[in-house]
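S.K.: First the structure, which I've put down as structure tokens, then a few questions once you've had a look.
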Amino acid sequence: MSGSERTSFEVIVLGGGPAGTAAATLLARRSHEVVLVRPPSPPAAKLAQSIPPSARLLLSELGVLEAIEAAGFHPNTGNKVWWADGDARGERFRANEPGFHVDRVGLERIMVAAAESIGARVLLGMSAREAVQTEEGFRVTCEGADGGTLELRAPWLIDATGRHGLLARHVREPDRSTTTLALVGRFHRPGGWGDDTSGHTLIESYRDGWAWSVPLSAESRCVTAMIDQRHAELGGADVDAMLAAELAKTRQLGALVEGAVPEGAAWACPASLYCASQYARPGLALAGDAGSFIDPLSSYGVKKALASGWLAAVLTHTALIDPSMTDVAVSFFDAREREVYRGYRRRSAEFFEEAAEAYEHPYWQTRAEAAREAGGAESVGGRGDDPDPDRLEALDGSPVSEQAVRAAFDQIRSRESLGAATGSTVRTIRRPAIASHRIVLEQHLATDRYPEGIRYARSVDLRRLSELA
């Protein structure tokens, strides 16, 4: 950037991953002056990632779905799991709307281009070195590959710098009881893998770890083993040999890559879980992996990042156009991000407890205990107590599970006639909600079971229904 170009913006977004690009794209679409600072790609950029079909709504909302469909990424057709020495179980997605298996660099390239095309200023190859908050906002010092520096200014900053967490690391709460190291390798099998799960994510647990594999093409797969970092000696270690030793403990994935050709050397990267003590404050939001990192067991990491970046943009947009709503918007974002992490931890606890019972090994016992503690008690108010990750990140934020809504509709359809009346325990309260990409106060229905209030249940406007009763 030359000295004649601007350095003051409304929003600075740090990080060019899914969370940062999602935030920059939405803000630019809402006509805000936003700059996206994208550092050089790290070595982990070769890692394969899965995007579930349910993320198509978010991708469409961000205007990148068509570009991703046209990029030729390998389709994500489902998953197959061998867990706790049990039989294979899995899910096959609908053929007409698959998800995507992507390499990180390819996905980021599309999303950065989308943000730039909408109007975001993009600084490629720049890394944020320091961020200082003043009464006027943030001053961020960035450094380029040539050593040159640039100072940016903006009233709002979104930290989407992932595990590095330029500002997020100061409020990070790591789960020190379950330190995890990921051993990652890519394998090529000429002629393909030869089964009907070529588009599936494969997951397998074993006595003291678990492994997963994501296809990047019909002939290429990324395979990762998740081990206890406290018992791994990396100094001078042969990571290829370490990965091979872990895969030898498996029954399925080890056999899968037998005879396949490694695509370069394997590598190791940290994969321990963490959350934040505070996800937002006036002027700052932590988006995606900067705020929290969930176990890839869920296969929803990219969707989580997209949803987090989208919501960070909604928070920022709200504060910029209506400063009086800043505190409400900050609290809304903080509570939502906190509950997303807790919900995922509750969900993973069930898997870890199953493995702990099967293997009776400390690896699983400590993880099960930590997940249950981090997940906390189920919410009496109903927000986040269902383990469905789609519900946790739905744009309408419904606290009611899809199963419960379907059951209610089935009951309605089974009746010959229907009369409706508002229950005596139902009351109306004002709570924050998202409308037209901003956080507003809307009337919600509250009951003793849902004291925090509900407005939508799977996109059904319950308050409107009560008015018709």
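By convention here, the chains of the structure tokens are called A, B, ... in the order presented, each chain's residues are numbered starting at 1, and ligands are numbered starting at 1 in the order presented.
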Residues at most 7 Å from stretch 169-182 of chain A, counting only C-alpha atoms, excluding those fewer than 6 positions away in the same chain, as an MDAnalysis selection string?
M.R.: chainID A and resid 224:230 268:278 366:367 370
S.K.: Write the residues of the preceding selection, restricted to C-alpha atoms, as a PDB file, in the first residue's frame.
M.R.:
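That gives us part27.pdb:
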```pdb
ATOM      1  CA  THR A 224      -4.811 -37.047  10.825  1.00  0.00           C
ATOM      2  CA  ALA A 225      -4.130 -38.744  14.162  1.00  0.00           C
ATOM      3  CA  MET A 226      -5.042 -36.928  17.380  1.00  0.00           C
ATOM      4  CA  ILE A 227      -2.650 -37.855  20.189  1.00  0.00           C
ATOM      5  CA  ASP A 228      -1.898 -36.675  23.714  1.00  0.00           C
ATOM      6  CA  GLN A 229       0.704 -33.928  23.384  1.00  0.00           C
ATOM      7  CA  ARG A 230       2.038 -34.590  26.886  1.00  0.00           C
ATOM      8  CA  ALA A 268       2.434 -31.820  13.420  1.00  0.00           C
ATOM      9  CA  CYS A 269       0.303 -28.943  14.696  1.00  0.00           C
ATOM     10  CA  PRO A 270      -1.347 -28.112  18.041  1.00  0.00           C
ATOM     11  CA  ALA A 271      -4.999 -29.114  18.352  1.00  0.00           C
ATOM     12  CA  SER A 272      -5.758 -28.506  22.029  1.00  0.00           C
ATOM     13  CA  LEU A 273      -9.114 -26.981  22.892  1.00  0.00           C
ATOM     14  CA  TYR A 274      -9.681 -23.522  24.332  1.00  0.00           C
ATOM     15  CA  CYS A 275     -12.351 -20.897  24.786  1.00  0.00           C
ATOM     16  CA  ALA A 276     -12.353 -17.242  25.849  1.00  0.00           C
ATOM     17  CA  SER A 277     -13.288 -15.578  29.092  1.00  0.00           C
ATOM     18  CA  GLN A 278     -14.748 -12.739  27.008  1.00  0.00           C
ATOM     19  CA  THR A 366      -9.685 -37.267  31.102  1.00  0.00           C
ATOM     20  CA  ARG A 367     -11.309 -36.025  27.915  1.00  0.00           C
ATOM     21  CA  ALA A 370     -13.156 -32.310  30.840  1.00  0.00           C
TER      22      ALA A 370
END
```
S.K.: Extract the full set of alpha helix (DSSP H) residues from stretch 30-147 of chain A according to DSSP on the backbone, and format it as a list of chain:residue names.
M.R.: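 Secondary structure check on stretch 30-147 of chain A, alpha helix (DSSP H): A:Arg56, A:Leu57, A:Leu58, A:Leu59, A:Ser60, A:Glu61, A:Leu62, A:Leu65, A:Glu66, A:Ala67, A:Ile68, A:Glu69, A:Ala70, A:Arg104, A:Val105, A:Gly106, A:Leu107, A:Glu108, A:Arg109, A:Ile110, A:Met111, A:Val112, A:Ala113, A:Ala114, A:Ala115, A:Glu116, A:Ser117, A:Ile118.
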S.K.: Take the selection from the previous step and output its residues with N, CA and C atoms, as a compact mmCIF listing (two decimals), in the first residue's frame.
M.R.:
```txt
# COMPACT_ATOMS: atom_id res chain seq x y z
N ARG A 56 -24.39 -24.58 3.47
CA ARG A 56 -24.73 -23.94 2.19
C ARG A 56 -25.55 -22.66 2.39
N LEU A 57 -26.38 -22.65 3.45
CA LEU A 57 -27.16 -21.44 3.73
C LEU A 57 -26.25 -20.27 4.05
N LEU A 58 -25.25 -20.50 4.89
CA LEU A 58 -24.31 -19.44 5.23
C LEU A 58 -23.49 -19.01 4.01
N LEU A 59 -23.04 -19.98 3.23
CA LEU A 59 -22.25 -19.65 2.04
C LEU A 59 -23.08 -18.83 1.05
N SER A 60 -24.35 -19.18 0.92
CA SER A 60 -25.24 -18.42 0.05
C SER A 60 -25.45 -17.02 0.59
N GLU A 61 -25.65 -16.93 1.90
CA GLU A 61 -25.83 -15.63 2.56
C GLU A 61 -24.63 -14.73 2.31
N LEU A 62 -23.44 -15.31 2.25
CA LEU A 62 -22.22 -14.53 2.04
C LEU A 62 -21.93 -14.30 0.56
N LEU A 65 -21.39 -19.16 -2.47
CA LEU A 65 -21.76 -20.55 -2.74
C LEU A 65 -21.49 -20.93 -4.19
N GLU A 66 -21.89 -20.08 -5.13
CA GLU A 66 -21.69 -20.41 -6.53
C GLU A 66 -20.21 -20.54 -6.87
N ALA A 67 -19.37 -19.67 -6.31
CA ALA A 67 -17.93 -19.74 -6.57
C ALA A 67 -17.34 -21.02 -6.01
N ILE A 68 -17.79 -21.44 -4.84
CA ILE A 68 -17.28 -22.67 -4.24
C ILE A 68 -17.75 -23.88 -5.03
N GLU A 69 -19.00 -23.84 -5.48
CA GLU A 69 -19.49 -24.95 -6.32
C GLU A 69 -18.70 -25.05 -7.62
N ALA A 70 -18.32 -23.90 -8.16
CA ALA A 70 -17.60 -23.89 -9.45
C ALA A 70 -16.12 -24.20 -9.29
N ARG A 104 -7.39 -25.70 2.63
CA ARG A 104 -7.54 -24.39 3.26
C ARG A 104 -7.16 -23.24 2.33
N VAL A 105 -6.08 -23.40 1.59
CA VAL A 105 -5.63 -22.33 0.70
C VAL A 105 -6.68 -22.05 -0.38
N GLY A 106 -7.22 -23.12 -0.97
CA GLY A 106 -8.21 -22.93 -2.02
C GLY A 106 -9.46 -22.24 -1.53
N LEU A 107 -9.94 -22.62 -0.34
CA LEU A 107 -11.13 -21.99 0.23
C LEU A 107 -10.87 -20.53 0.54
N GLU A 108 -9.73 -20.23 1.15
CA GLU A 108 -9.42 -18.85 1.50
C GLU A 108 -9.28 -17.98 0.26
N ARG A 109 -8.71 -18.53 -0.80
CA ARG A 109 -8.54 -17.75 -2.02
C ARG A 109 -9.89 -17.28 -2.55
N ILE A 110 -10.88 -18.17 -2.54
CA ILE A 110 -12.21 -17.81 -3.03
C ILE A 110 -12.87 -16.78 -2.12
N MET A 111 -12.75 -16.98 -0.82
CA MET A 111 -13.45 -16.09 0.11
C MET A 111 -12.80 -14.72 0.19
N VAL A 112 -11.47 -14.66 0.09
CA VAL A 112 -10.80 -13.37 0.05
C VAL A 112 -11.20 -12.60 -1.20
N ALA A 113 -11.24 -13.29 -2.34
CA ALA A 113 -11.64 -12.65 -3.59
C ALA A 113 -13.07 -12.12 -3.50
N ALA A 114 -13.96 -12.88 -2.83
CA ALA A 114 -15.35 -12.44 -2.68
C ALA A 114 -15.42 -11.18 -1.84
N ALA A 115 -14.68 -11.13 -0.75
CA ALA A 115 -14.68 -9.94 0.11
C ALA A 115 -14.17 -8.73 -0.65
N GLU A 116 -13.11 -8.93 -1.44
CA GLU A 116 -12.54 -7.82 -2.20
C GLU A 116 -13.50 -7.34 -3.28
N SER A 117 -14.20 -8.27 -3.94
CA SER A 117 -15.12 -7.89 -5.01
C SER A 117 -16.30 -7.10 -4.48
N ILE A 118 -16.68 -7.32 -3.23
CA ILE A 118 -17.79 -6.59 -2.63
C ILE A 118 -17.38 -5.17 -2.24
```
S.K.: Rank nothing, just name the residue among A:Ala287, A:Leu441, A:Val223, A:Leu152 nearest to A:Gly20, using only C-alpha atoms.
M.R.: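 Smallest separation from A:Gly20 among the options: A:Ala287.
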S.K.: Would you return as a list of chain:residue names the members of stretch 268-326 of chain A that DSSP assigns to strand (DSSP E) on this structure's backbone?
M.R.: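 In stretch 268-326 of chain A, DSSP puts these residues in strand (DSSP E): A:Ala268, A:Cys269, A:Pro270, A:Tyr274, A:Cys275, A:Ala276, A:Ala280, A:Arg281, A:Leu284, A:Ala285, A:Leu286.
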S.K.: Keeping only N, CA and C atoms, take the residues you just selected and write them out as a compact mmCIF listing (two decimals), in the first residue's frame.
M.R.:
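Output below, filename out-v3.txt:
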```
# COMPACT_ATOMS: atom_id res chain seq x y z
N ALA A 268 3.17 -31.84 12.15
CA ALA A 268 2.43 -31.82 13.42
C ALA A 268 1.97 -30.40 13.71
N CYS A 269 0.80 -30.26 14.31
CA CYS A 269 0.30 -28.94 14.70
C CYS A 269 -0.54 -29.08 15.96
N PRO A 270 -0.56 -28.05 16.81
CA PRO A 270 -1.35 -28.11 18.04
C PRO A 270 -2.83 -28.19 17.75
N TYR A 274 -9.69 -24.72 23.50
CA TYR A 274 -9.68 -23.52 24.33
C TYR A 274 -10.94 -22.72 24.05
N CYS A 275 -11.25 -21.84 24.97
CA CYS A 275 -12.35 -20.90 24.79
C CYS A 275 -11.86 -19.54 25.27
N ALA A 276 -12.73 -18.58 25.40
CA ALA A 276 -12.35 -17.24 25.85
C ALA A 276 -13.17 -16.86 27.07
N ALA A 280 -16.26 -10.58 23.37
CA ALA A 280 -16.45 -9.26 22.77
C ALA A 280 -16.48 -8.20 23.86
N ARG A 281 -16.13 -7.01 23.45
CA ARG A 281 -16.30 -5.81 24.25
C ARG A 281 -16.48 -4.66 23.26
N LEU A 284 -14.40 -4.43 19.94
CA LEU A 284 -13.65 -5.65 19.63
C LEU A 284 -14.54 -6.88 19.66
N ALA A 285 -14.36 -7.75 18.67
CA ALA A 285 -15.03 -9.06 18.65
C ALA A 285 -14.00 -10.12 18.27
N LEU A 286 -14.08 -11.27 18.93
CA LEU A 286 -13.22 -12.41 18.61
C LEU A 286 -14.04 -13.40 17.79
```
S.K.: Out of A:Ile439, A:Arg163, A:Val64, A:Thr149, which residue has the shortest atom-to-atom distance to A:Asp322 when counting only C-alpha atoms?
M.R.: A:Ile439
S.K.: Could the residues of stretch 265-340 of chain A that have an atom at most 9 Å from stretch 237-257 of chain A be listed as CSV, each with its closest atom pair and the distance in Å to one decimal, counting only C-alpha atoms and ordered by chain and ascending residue number?
M.R.:
```
residue,atom,partner,partner_atom,distance
A:Ala265,CA,A:Asp240,CA,6.6
A:Ala266,CA,A:Asp240,CA,5.2
A:Trp267,CA,A:Val239,CA,6.0
A:Ala268,CA,A:Val239,CA,6.9
```
S.K.: Generate the output file for the selected residues, C-alpha atoms, as a compact mmCIF listing (two decimals), in the first residue's frame.
M.R.:
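Below is the file that was written, again30.txt:
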```txt
# COMPACT_ATOMS: atom_id res chain seq x y z
CA ALA A 265 6.30 -35.13 4.60
CA ALA A 266 3.81 -35.39 7.44
CA TRP A 267 3.64 -32.51 9.89
CA ALA A 268 2.43 -31.82 13.42
```
S.K.: For A:Val13, please output as a PDB file with N, CA and C atoms, in the first residue's frame all residues within 8 Å (counting only C-alpha atoms; exclusion window: fewer than 4 positions along the same chain).
M.R.:
```
ATOM      1  N   GLY A  20     -12.764 -14.520   9.250  1.00  0.00           N
ATOM      2  CA  GLY A  20     -12.396 -13.159   8.875  1.00  0.00           C
ATOM      3  C   GLY A  20     -12.998 -12.734   7.555  1.00  0.00           C
ATOM      4  N   ALA A  23     -16.771 -12.124   7.893  1.00  0.00           N
ATOM      5  CA  ALA A  23     -17.045 -10.843   8.542  1.00  0.00           C
ATOM      6  C   ALA A  23     -16.810  -9.683   7.579  1.00  0.00           C
ATOM      7  N   ALA A  24     -15.687  -9.706   6.869  1.00  0.00           N
ATOM      8  CA  ALA A  24     -15.363  -8.615   5.949  1.00  0.00           C
ATOM      9  C   ALA A  24     -16.377  -8.525   4.812  1.00  0.00           C
ATOM     10  N   VAL A  34     -14.161  -1.269   5.304  1.00  0.00           N
ATOM     11  CA  VAL A  34     -13.521  -2.363   6.031  1.00  0.00           C
ATOM     12  C   VAL A  34     -12.238  -2.758   5.325  1.00  0.00           C
ATOM     13  N   VAL A  35     -11.219  -3.076   6.108  1.00  0.00           N
ATOM     14  CA  VAL A  35      -9.956  -3.575   5.574  1.00  0.00           C
ATOM     15  C   VAL A  35      -9.706  -4.957   6.150  1.00  0.00           C
ATOM     16  N   LEU A  36      -9.323  -5.886   5.285  1.00  0.00           N
ATOM     17  CA  LEU A  36      -9.025  -7.260   5.676  1.00  0.00           C
ATOM     18  C   LEU A  36      -7.519  -7.470   5.590  1.00  0.00           C
ATOM     19  N   VAL A  37      -6.901  -7.833   6.713  1.00  0.00           N
ATOM     20  CA  VAL A  37      -5.460  -8.065   6.770  1.00  0.00           C
ATOM     21  C   VAL A  37      -5.229  -9.564   6.749  1.00  0.00           C
ATOM     22  N   LEU A 157     -12.515  -3.501  15.668  1.00  0.00           N
ATOM     23  CA  LEU A 157     -11.563  -4.516  15.208  1.00  0.00           C
ATOM     24  C   LEU A 157     -12.170  -5.890  15.432  1.00  0.00           C
ATOM     25  N   ILE A 158     -12.085  -6.752  14.424  1.00  0.00           N
ATOM     26  CA  ILE A 158     -12.488  -8.153  14.552  1.00  0.00           C
ATOM     27  C   ILE A 158     -11.232  -9.008  14.482  1.00  0.00           C
ATOM     28  N   ASP A 159     -10.914  -9.680  15.572  1.00  0.00           N
ATOM     29  CA  ASP A 159      -9.748 -10.565  15.623  1.00  0.00           C
ATOM     30  C   ASP A 159     -10.185 -11.947  15.157  1.00  0.00           C
ATOM     31  N   ALA A 160      -9.768 -12.303  13.943  1.00  0.00           N
ATOM     32  CA  ALA A 160     -10.058 -13.625  13.386  1.00  0.00           C
ATOM     33  C   ALA A 160      -8.739 -14.306  13.027  1.00  0.00           C
TER      34      ALA A 160
END
```
S.K.: In Å, how far is it from atom CA of A:Ala260 to atom CA of A:Gly72?
M.R.: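 Atom CA of A:Ala260 sits 23.2 Å away from atom CA of A:Gly72.
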S.K.: Might you pull out every residue within 8 Å of A:Arg342, with only C-alpha atoms counted and same-chain residues fewer than 6 positions away left off, and present them as a PyMOL selection string?
M.R.: chain A and resi 374-376
S.K.: Selected residues, C-alpha atoms, written as an mmCIF file, in the first residue's frame, please.
M.R.:
```cif
data_model
loop_
_atom_site.group_PDB
_atom_site.id
_atom_site.type_symbol
_atom_site.label_atom_id
_atom_site.label_comp_id
_atom_site.auth_asym_id
_atom_site.auth_seq_id
_atom_site.Cartn_x
_atom_site.Cartn_y
_atom_site.Cartn_z
ATOM 1 C CA ALA A 374 -16.806 -27.580 30.083
ATOM 2 C CA GLY A 375 -20.253 -28.322 28.658
ATOM 3 C CA GLY A 376 -21.921 -27.502 31.954
#
```
S.K.: Name the closest residue to A:Thr318 among the candidates A:Ala95, A:Ile412, A:Val440, A:Leu166; distances are taken between atoms, counting only C-alpha atoms.
M.R.: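 Closest to A:Thr318, using only C-alpha atoms: A:Val440.
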S.K.: Grab the atom CA of A:Arg346 to atom CA of A:Ile429 distance for me, in Å with one decimal place.
M.R.: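 Spanning atom CA of A:Arg346 to atom CA of A:Ile429 is a straight-line distance of 28.6 Å.
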S.K.: Under the rule that only C-alpha atoms are counted, which of A:Arg92, A:Lys80, A:Arg207, A:His200 is the nearest residue to A:Glu360?
M.R.: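 Result for the nearest residue to A:Glu360: A:Arg207.
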S.K.: Could you give me, as number ranges by chain, the residues within 8 Å of A:Ser308, counting only C-alpha atoms and dropping anything in the same chain fewer than 3 positions from it?
M.R.: A: 19, 287-288, 304-305, 311-312, 337
S.K.: Limited to C-alpha atoms, could you put the picked residues into a file as a PDB file, in the first residue's frame?
M.R.:
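The new file again_7.pdb reads:
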```
ATOM      1  CA  ALA A  19     -14.316 -16.246   9.963  1.00  0.00           C
ATOM      2  CA  ALA A 287     -14.379 -14.508  15.671  1.00  0.00           C
ATOM      3  CA  GLY A 288     -13.864 -18.152  14.744  1.00  0.00           C
ATOM      4  CA  LYS A 304     -18.571 -22.684  13.133  1.00  0.00           C
ATOM      5  CA  ALA A 305     -16.025 -20.184  11.817  1.00  0.00           C
ATOM      6  CA  LEU A 311     -22.321 -12.853  13.734  1.00  0.00           C
ATOM      7  CA  ALA A 312     -19.250 -10.706  14.488  1.00  0.00           C
ATOM      8  CA  GLU A 337     -20.292 -17.696  21.184  1.00  0.00           C
TER       9      GLU A 337
END
```
S.K.: Suppose you want the space between atom CA of A:Val261 and atom CA of A:Leu202; what is it in Å?
M.R.: 18.6 Å
